[in-house]
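Q: Handing you a structure now.
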Amino acid sequence: MGGDGDLRIGVLALQGDVSEHVTAFEAALDARSEHHAPVVAVRRAEDLAGLEGLAVPGGESTAISRLIDKNRMRRPLLEFGGGIFATCAGMVLAASEVHDPRVDPLGLIEMTIERNAFGRQRESFECDLPVNGLSHPFHAVFIRPPVASRIGPGARGLAVLEPGTVVVRKEPHLALSFHPELGTDLRLHHLFLDGL
Amino acid sequence: MKLEELRFGTDLVKRGFASMQKGGVIMDVVNAEQARIAEQAGAVAVMALERVPAEIRKAGGVARMADPLKVAEIIEAVSIPVMGKVRIGHTVEAQILESLGVDMIDESEVLTPADEEYHIDKTAFTVPFVCGARNLGEALRRIDEGAAMVRTKGEAGTGNVVEAVRHMRAIMGEIRQLQGMSRQERVERARVIEAPAHLVEECAELGRLPVVNFSAGGIATPADAALMMHLGADGVFVGSGIFLSEHPERMARAIVESVDHRDDPARIAEISKGLGEAMRGLDIHAIPESEVLRFRGR
């Protein structure tokens, strides 16, 4: 795990809870190395250069999807060679298939997504979620969450909550239905950084 | 995992919902067709209404919650969150919207207040609330009542951004002042602005409100939206400004892009070209005092 000090992480900053992601990754990198590159906000294709990991934040997938195209970032994101840390709307965008014509996903991780799988905001919740590979449950905040109804070959589902998979690992990518950036438990951030 | 282990409607879940709206544009719509246009233009949510604020102003009389039939029709039409407005203090209108599945409730001065003393106890609800504020004290009183998001009141339905600017400058400026004060001075300031001392402390520590802070009330052009972002807004509500403009679809897309490119004037210039007429505005000083919306609620 040498060279952690050089890990460069960005957060796709078109819409959504960008600052929460920046803060969480800064904290995770701080814990691993005294000196590290600052986490950068990615607003255009050039900002992707030199990054090892990219967080695609929570927000509204229809809005982010449209801004990706408006900013001509679809192709650069497809060609991005690093790891994707996708949460909620980010998970929808990273997928290869979404059962909703209003979102055009990027196809970075082979999986099929159902949007708003638990219902509306009144059905949003928090819970202690057992995650494969973590010693104790992860306190997860789900907000109008999507789930994966199918995951592609080589991907592993690390947590399931009916009606689907809520943690998908396809190294170096990690897709989450919930929002670790809203809390202070950074174990999933470290899992992602370990795999870069 | 059993259902009883899931916790619904907590502060974290409510404030988290508001965080997902950041950097976005929330648009007022009055029917399913407008809702679809808003969603396709990149709105992060729609506000389901009977009439947009400029029409409410024109119509006069008592303005109430929208017909549940209309709200249900809009919920059916889009996949993005749907918000709805209730009268200040009207707990039952809020319960009705919650039961319909509305994702966030706006306890709004745009409608005729139902209670001139008390706002709704928002902690009693599972869905989150957004409330308007003109200054820091008002914002913190609403947060204390359980609001998960604050917005400037502005002066809705005028197409005139001046009040939204005034309110955003007031909130951000008051927070900057707090940061230069001693703890003792902040306790005294909390008394003066009639806000809970612990929330005043939290603002000083964070350098911002402890919840997401949007701008609303009079935003009519892409430049207006970018201006509010520069003044510290986390996102914007656009009411009458879209569907009362000459080309709503183009205006909607342009405002979404302008918020995204707020720091790129050349791009905003490009976005703003040939948009047609923005909504016709109103001079704030020409509005009779009885028709001023921002003075409702305190």
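Identifiers for the structure tokens are assigned positionally: chains receive A, B, ... in sequence, residues are indexed from 1 per chain, and ligands are indexed from 1 in the order shown.
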Can I get the residues of chain B within 6 Å of chain A, each with the closest pair of atoms and their distance in Å to one decimal, using only C-alpha atoms, sorted chain first then ascending number, as CSV?
A:
residue,atom,partner,partner_atom,distance
B:Leu6,CA,A:Cys127,CA,5.0
B:Arg7,CA,A:Phe125,CA,5.1
B:Phe8,CA,A:Phe125,CA,4.4
B:Ser19,CA,A:Asp17,CA,5.4
B:Met20,CA,A:Gly59,CA,4.2
B:Gln21,CA,A:Gly16,CA,5.8
B:Lys22,CA,A:Gly16,CA,5.0
B:Gly23,CA,A:Gln15,CA,4.8
B:Gly42,CA,A:Ala63,CA,4.2
B:Val44,CA,A:Glu60,CA,5.6
B:Asp103,CA,A:Gln121,CA,4.9
B:Thr126,CA,A:Arg122,CA,5.8
B:Val127,CA,A:Arg122,CA,5.3
Q: Those same residues - C-alpha atoms - I'd like them written as a PDB file, in the first residue's frame.
A:
ATOM      1  CA  LEU B   6     -35.010   0.619   9.593  1.00  0.00           C
ATOM      2  CA  ARG B   7     -35.386   4.142  11.007  1.00  0.00           C
ATOM      3  CA  PHE B   8     -37.459   6.519   8.905  1.00  0.00           C
ATOM      4  CA  SER B  19     -28.035  17.735   0.496  1.00  0.00           C
ATOM      5  CA  MET B  20     -28.803  15.698  -2.628  1.00  0.00           C
ATOM      6  CA  GLN B  21     -30.519  18.778  -4.116  1.00  0.00           C
ATOM      7  CA  LYS B  22     -27.362  20.923  -3.909  1.00  0.00           C
ATOM      8  CA  GLY B  23     -26.140  22.572  -7.080  1.00  0.00           C
ATOM      9  CA  GLY B  42     -32.426  18.865 -15.656  1.00  0.00           C
ATOM     10  CA  VAL B  44     -33.497  18.251  -9.433  1.00  0.00           C
ATOM     11  CA  ASP B 103     -40.995  14.251  -0.938  1.00  0.00           C
ATOM     12  CA  THR B 126     -41.513  11.833   8.362  1.00  0.00           C
ATOM     13  CA  VAL B 127     -40.983  13.977   5.252  1.00  0.00           C
TER      14      VAL B 127
END
Q: Which neighbours of region 8-10 of chain A fall inside 8 Å, counting only C-alpha atoms, when residues of the same chain fewer than 2 positions from it are skipped, and could you give them as a compact mmCIF listing (two decimals) with N, CA and C atoms, in the first residue's frame?
A:
# COMPACT_ATOMS: atom_id res chain seq x y z
N ASP A 6 0.50 9.69 -2.72
CA ASP A 6 0.34 10.20 -4.08
C ASP A 6 -1.05 9.96 -4.65
N LEU A 12 -16.86 14.14 -8.91
CA LEU A 12 -17.61 14.72 -10.01
C LEU A 12 -18.53 15.81 -9.44
N VAL A 22 -16.06 15.41 -0.77
CA VAL A 22 -14.70 15.96 -0.68
C VAL A 22 -14.22 15.84 0.77
N PHE A 25 -13.47 12.12 1.76
CA PHE A 25 -12.23 11.60 1.17
C PHE A 25 -11.00 12.29 1.75
N HIS A 36 -0.87 14.40 1.47
CA HIS A 36 -1.51 13.80 0.31
C HIS A 36 -2.01 14.91 -0.60
N ALA A 37 -2.27 14.55 -1.84
CA ALA A 37 -2.78 15.53 -2.79
C ALA A 37 -4.20 15.92 -2.37
N PRO A 38 -4.59 17.19 -2.52
CA PRO A 38 -5.96 17.58 -2.16
C PRO A 38 -6.98 16.89 -3.08
N VAL A 39 -8.17 16.62 -2.52
CA VAL A 39 -9.25 16.06 -3.33
C VAL A 39 -9.78 17.16 -4.25
N VAL A 40 -9.94 16.86 -5.52
CA VAL A 40 -10.32 17.91 -6.46
C VAL A 40 -11.77 17.77 -6.92
N ALA A 41 -12.40 18.92 -7.21
CA ALA A 41 -13.75 18.94 -7.79
C ALA A 41 -13.59 18.82 -9.30
N VAL A 42 -14.24 17.84 -9.89
CA VAL A 42 -14.13 17.59 -11.34
C VAL A 42 -15.35 18.19 -12.03
N LEU A 48 -10.03 15.38 -15.04
CA LEU A 48 -9.87 13.94 -14.77
C LEU A 48 -8.41 13.50 -14.88
N GLY A 50 -4.81 12.48 -14.46
CA GLY A 50 -3.95 12.15 -13.32
C GLY A 50 -4.67 11.61 -12.10
N LEU A 51 -5.98 11.47 -12.17
CA LEU A 51 -6.71 10.94 -11.00
C LEU A 51 -6.67 9.42 -10.97
N GLU A 52 -6.56 8.87 -9.75
CA GLU A 52 -6.63 7.40 -9.60
C GLU A 52 -8.05 6.96 -9.24
N GLY A 53 -8.80 7.87 -8.62
CA GLY A 53 -10.16 7.51 -8.22
C GLY A 53 -11.10 8.68 -8.41
N LEU A 54 -12.37 8.37 -8.73
CA LEU A 54 -13.37 9.41 -8.92
C LEU A 54 -14.64 9.03 -8.18
N ALA A 55 -15.10 9.93 -7.30
CA ALA A 55 -16.38 9.72 -6.63
C ALA A 55 -17.48 10.32 -7.49
Q: Please measure the separation of CA of Ala124 (chain B) and CA of Glu194 (chain B), giving the value in Å to one decimal.
A: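 Separation of CA of Ala124 (chain B) and CA of Glu194 (chain B): 22.5 Å.
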Q: Among region 110-297 of chain B, which ones does DSSP place in helix (DSSP H, G or I), written as a PyMOL selection string?
A: chain B and resi 122-124+136-144+162-179+183-192+197-206+222-230+240-243+248-260+265-272+284-286+289-291
Q: Which residues come within 9 Å of region 51-68 of chain B, counting only C-alpha atoms, excluding same-chain residues fewer than 6 positions away, as a PyMOL selection string?
A: chain B and resi 28-30+84-87+93-94+96-97+100+110-113+156-159+239-240+243-244+291
Q: At a cut-off of 8 Å, using only C-alpha atoms, what residues contact Lys122 (chain B)? Leave out same-chain residues fewer than 4 positions from it and give the result as a ChimeraX atom specification.
A: /B:128-129,145-147
Q: Please measure the separation of CA of Asn132 (chain A) and CA of Arg15 (chain B), giving the value in Å to one decimal.
A: 28.2 Å
Q: Ranking B:Ala43, B:Met149, B:Ile120, B:Ile80 by minimum distance to Asp260 (chain B) and counting only C-alpha atoms, which one comes first?
A: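 Selected residue with least distance to Asp260 (chain B): B:Ala43.
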Q: Restricting the calculation to only C-alpha atoms: of B:Ala35, B:Leu227, B:Ala41, B:Val236, which residue gets closest to Met251 (chain B)?
A: B:Ala41
Q: Assign secondary structure with DSSP using the backbone only, and return the residues of region 111-239 of chain B in strand (DSSP E or B) as a list in words.
A: Phe129, Val130, Cys131, Gly132, Ala133, Met149, Val150, Arg151, Thr152, Val212, Asn213, Phe214, Ser215, Val236, Phe237 and Val238 of chain B
Q: With N, CA and C atoms retained, export the selected residues as a PDB file, in the first residue's frame.
A:
ATOM      1  N   PHE B 129     -39.020  19.302   5.564  1.00  0.00           N
ATOM      2  CA  PHE B 129     -39.614  20.599   5.223  1.00  0.00           C
ATOM      3  C   PHE B 129     -38.534  21.577   4.778  1.00  0.00           C
ATOM      4  N   VAL B 130     -38.945  22.501   3.904  1.00  0.00           N
ATOM      5  CA  VAL B 130     -38.143  23.679   3.589  1.00  0.00           C
ATOM      6  C   VAL B 130     -38.978  24.887   4.001  1.00  0.00           C
ATOM      7  N   CYS B 131     -38.316  25.917   4.555  1.00  0.00           N
ATOM      8  CA  CYS B 131     -39.014  27.139   4.954  1.00  0.00           C
ATOM      9  C   CYS B 131     -38.248  28.359   4.471  1.00  0.00           C
ATOM     10  N   GLY B 132     -38.974  29.450   4.280  1.00  0.00           N
ATOM     11  CA  GLY B 132     -38.364  30.694   3.847  1.00  0.00           C
ATOM     12  C   GLY B 132     -37.806  31.485   5.025  1.00  0.00           C
ATOM     13  N   ALA B 133     -36.793  32.329   4.750  1.00  0.00           N
ATOM     14  CA  ALA B 133     -36.219  33.184   5.789  1.00  0.00           C
ATOM     15  C   ALA B 133     -35.670  34.451   5.148  1.00  0.00           C
ATOM     16  N   MET B 149     -34.207  22.291   5.450  1.00  0.00           N
ATOM     17  CA  MET B 149     -33.652  23.119   4.379  1.00  0.00           C
ATOM     18  C   MET B 149     -34.234  24.512   4.563  1.00  0.00           C
ATOM     19  N   VAL B 150     -33.434  25.520   4.218  1.00  0.00           N
ATOM     20  CA  VAL B 150     -33.895  26.907   4.296  1.00  0.00           C
ATOM     21  C   VAL B 150     -33.777  27.492   2.902  1.00  0.00           C
ATOM     22  N   ARG B 151     -34.661  28.431   2.605  1.00  0.00           N
ATOM     23  CA  ARG B 151     -34.519  29.190   1.353  1.00  0.00           C
ATOM     24  C   ARG B 151     -34.771  30.646   1.666  1.00  0.00           C
ATOM     25  N   THR B 152     -34.198  31.537   0.876  1.00  0.00           N
ATOM     26  CA  THR B 152     -34.534  32.947   1.055  1.00  0.00           C
ATOM     27  C   THR B 152     -36.005  33.106   0.682  1.00  0.00           C
ATOM     28  N   VAL B 212     -28.949  22.813   4.312  1.00  0.00           N
ATOM     29  CA  VAL B 212     -28.806  23.347   2.961  1.00  0.00           C
ATOM     30  C   VAL B 212     -29.610  24.641   2.830  1.00  0.00           C
ATOM     31  N   ASN B 213     -29.026  25.610   2.126  1.00  0.00           N
ATOM     32  CA  ASN B 213     -29.598  26.948   2.028  1.00  0.00           C
ATOM     33  C   ASN B 213     -29.776  27.317   0.558  1.00  0.00           C
ATOM     34  N   PHE B 214     -31.025  27.330   0.091  1.00  0.00           N
ATOM     35  CA  PHE B 214     -31.306  27.654  -1.310  1.00  0.00           C
ATOM     36  C   PHE B 214     -31.752  29.107  -1.420  1.00  0.00           C
ATOM     37  N   SER B 215     -31.856  29.570  -2.656  1.00  0.00           N
ATOM     38  CA  SER B 215     -32.398  30.894  -2.870  1.00  0.00           C
ATOM     39  C   SER B 215     -33.711  30.771  -3.629  1.00  0.00           C
ATOM     40  N   VAL B 236     -31.064  26.800  -6.356  1.00  0.00           N
ATOM     41  CA  VAL B 236     -32.121  27.809  -6.499  1.00  0.00           C
ATOM     42  C   VAL B 236     -33.498  27.186  -6.775  1.00  0.00           C
ATOM     43  N   PHE B 237     -34.508  27.892  -6.303  1.00  0.00           N
ATOM     44  CA  PHE B 237     -35.895  27.606  -6.686  1.00  0.00           C
ATOM     45  C   PHE B 237     -36.264  28.641  -7.742  1.00  0.00           C
ATOM     46  N   VAL B 238     -36.848  28.202  -8.840  1.00  0.00           N
ATOM     47  CA  VAL B 238     -37.369  29.164  -9.802  1.00  0.00           C
ATOM     48  C   VAL B 238     -38.868  28.950  -9.906  1.00  0.00           C
TER      49      VAL B 238
END
Q: Would you work out the distance separating CA of Leu134 (chain A) from CA of Ile113 (chain A), expressed in Å to one decimal?
A: 24.0 Å
Q: For Leu174 (chain A), list every protein, DNA or RNA residue within 6 Å, evaluated using only C-alpha atoms, and leave out those in the same chain fewer than 5 positions away; present the list as a PDB file with N, CA and C atoms, in the first residue's frame.
A:
ATOM      1  N   PHE A  85     -16.018   5.460  -7.305  1.00  0.00           N
ATOM      2  CA  PHE A  85     -16.689   5.315  -6.009  1.00  0.00           C
ATOM      3  C   PHE A  85     -18.058   5.944  -6.186  1.00  0.00           C
ATOM      4  N   VAL A 168     -22.012  -3.064  -4.378  1.00  0.00           N
ATOM      5  CA  VAL A 168     -21.463  -3.843  -5.492  1.00  0.00           C
ATOM      6  C   VAL A 168     -19.977  -3.532  -5.608  1.00  0.00           C
ATOM      7  N   ARG A 169     -19.153  -4.595  -5.586  1.00  0.00           N
ATOM      8  CA  ARG A 169     -17.710  -4.438  -5.708  1.00  0.00           C
ATOM      9  C   ARG A 169     -17.259  -5.062  -7.015  1.00  0.00           C
TER      10      ARG A 169
END
Q: Would you mind listing what lies within 9 Å of Phe295 (chain B) as a PyMOL selection string, with only C-alpha atoms counted and same-chain residues fewer than 3 positions away left out?
A: chain B and resi 109+134+292+298
Q: Can you spit out the residues from that selection as a JSON list (two decimals), in the first residue's frame, using all heavy atoms?
A:
[["chain", "number", "residue", "atom", "x", "y", "z"],
["B", 109, "GLU", "N", -44.77, 31.29, 2.57],
["B", 109, "GLU", "CA", -45.41, 32.60, 2.66],
["B", 109, "GLU", "C", -46.12, 32.99, 1.36],
["B", 109, "GLU", "O", -46.86, 33.96, 1.34],
["B", 109, "GLU", "CB", -44.35, 33.66, 3.03],
["B", 109, "GLU", "CG", -43.31, 33.97, 1.94],
["B", 109, "GLU", "CD", -42.23, 32.91, 1.77],
["B", 109, "GLU", "OE1", -42.24, 31.92, 2.53],
["B", 109, "GLU", "OE2", -41.39, 33.07, 0.86],
["B", 134, "ARG", "N", -35.74, 35.56, 5.92],
["B", 134, "ARG", "CA", -35.18, 36.83, 5.44],
["B", 134, "ARG", "C", -33.86, 37.16, 6.10],
["B", 134, "ARG", "O", -33.13, 38.03, 5.66],
["B", 134, "ARG", "CB", -36.15, 37.97, 5.72],
["B", 134, "ARG", "CG", -37.33, 38.04, 4.79],
["B", 134, "ARG", "CD", -38.41, 38.91, 5.39],
["B", 134, "ARG", "NE", -38.90, 38.30, 6.61],
["B", 134, "ARG", "CZ", -39.72, 38.89, 7.48],
["B", 134, "ARG", "NH1", -40.11, 40.14, 7.29],
["B", 134, "ARG", "NH2", -40.11, 38.26, 8.56],
["B", 292, "VAL", "N", -47.45, 42.34, -0.03],
["B", 292, "VAL", "CA", -46.05, 41.92, 0.10],
["B", 292, "VAL", "C", -46.02, 40.55, 0.79],
["B", 292, "VAL", "O", -46.56, 40.39, 1.88],
["B", 292, "VAL", "CB", -45.25, 42.96, 0.90],
["B", 292, "VAL", "CG1", -43.85, 42.44, 1.21],
["B", 292, "VAL", "CG2", -45.16, 44.27, 0.13],
["B", 298, "ARG", "N", -42.65, 34.95, 10.71],
["B", 298, "ARG", "CA", -41.47, 35.64, 11.21],
["B", 298, "ARG", "C", -40.60, 34.70, 12.05],
["B", 298, "ARG", "O", -40.99, 33.65, 12.43],
["B", 298, "ARG", "CB", -41.84, 36.88, 12.02],
["B", 298, "ARG", "CG", -42.64, 36.57, 13.29],
["B", 298, "ARG", "CD", -42.65, 37.72, 14.23],
["B", 298, "ARG", "NE", -41.30, 38.00, 14.69],
["B", 298, "ARG", "CZ", -40.65, 37.33, 15.62],
["B", 298, "ARG", "NH1", -41.20, 36.27, 16.18],
["B", 298, "ARG", "NH2", -39.44, 37.66, 16.00]]
Q: Pick out the closest residue to Ile109 (chain A) from this set: A:Leu196, A:Leu93, A:Leu191, A:Leu186. Count only C-alpha atoms.
A: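 Looking at the shortest contact to Ile109 (chain A), the residue is A:Leu93.
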Q: Can you tell me which residues surround Glu73 (chain B) at a distance of at most 7 Å, considering only C-alpha atoms, apart from same-chain residues fewer than 4 positions away, and format the answer as a list in words?
A: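 Contacts, with the query itself left out: Ala32, Leu69 and Ala77 of chain B.
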Q: Got time to write the residues from that selection, N, CA, C and O atoms, as a JSON list (two decimals), in the first residue's frame?
A:
[["chain", "number", "residue", "atom", "x", "y", "z"],
["B", 32, "ALA", "N", -48.77, 18.06, -15.22],
["B", 32, "ALA", "CA", -47.86, 16.96, -15.55],
["B", 32, "ALA", "C", -46.94, 17.32, -16.72],
["B", 32, "ALA", "O", -45.76, 16.97, -16.72],
["B", 69, "LEU", "N", -55.53, 16.14, -6.38],
["B", 69, "LEU", "CA", -55.59, 15.48, -7.69],
["B", 69, "LEU", "C", -54.44, 15.95, -8.56],
["B", 69, "LEU", "O", -53.78, 15.17, -9.25],
["B", 77, "ALA", "N", -46.13, 11.77, -12.95],
["B", 77, "ALA", "CA", -45.50, 12.13, -14.23],
["B", 77, "ALA", "C", -43.97, 12.07, -14.22],
["B", 77, "ALA", "O", -43.37, 11.91, -15.28]]
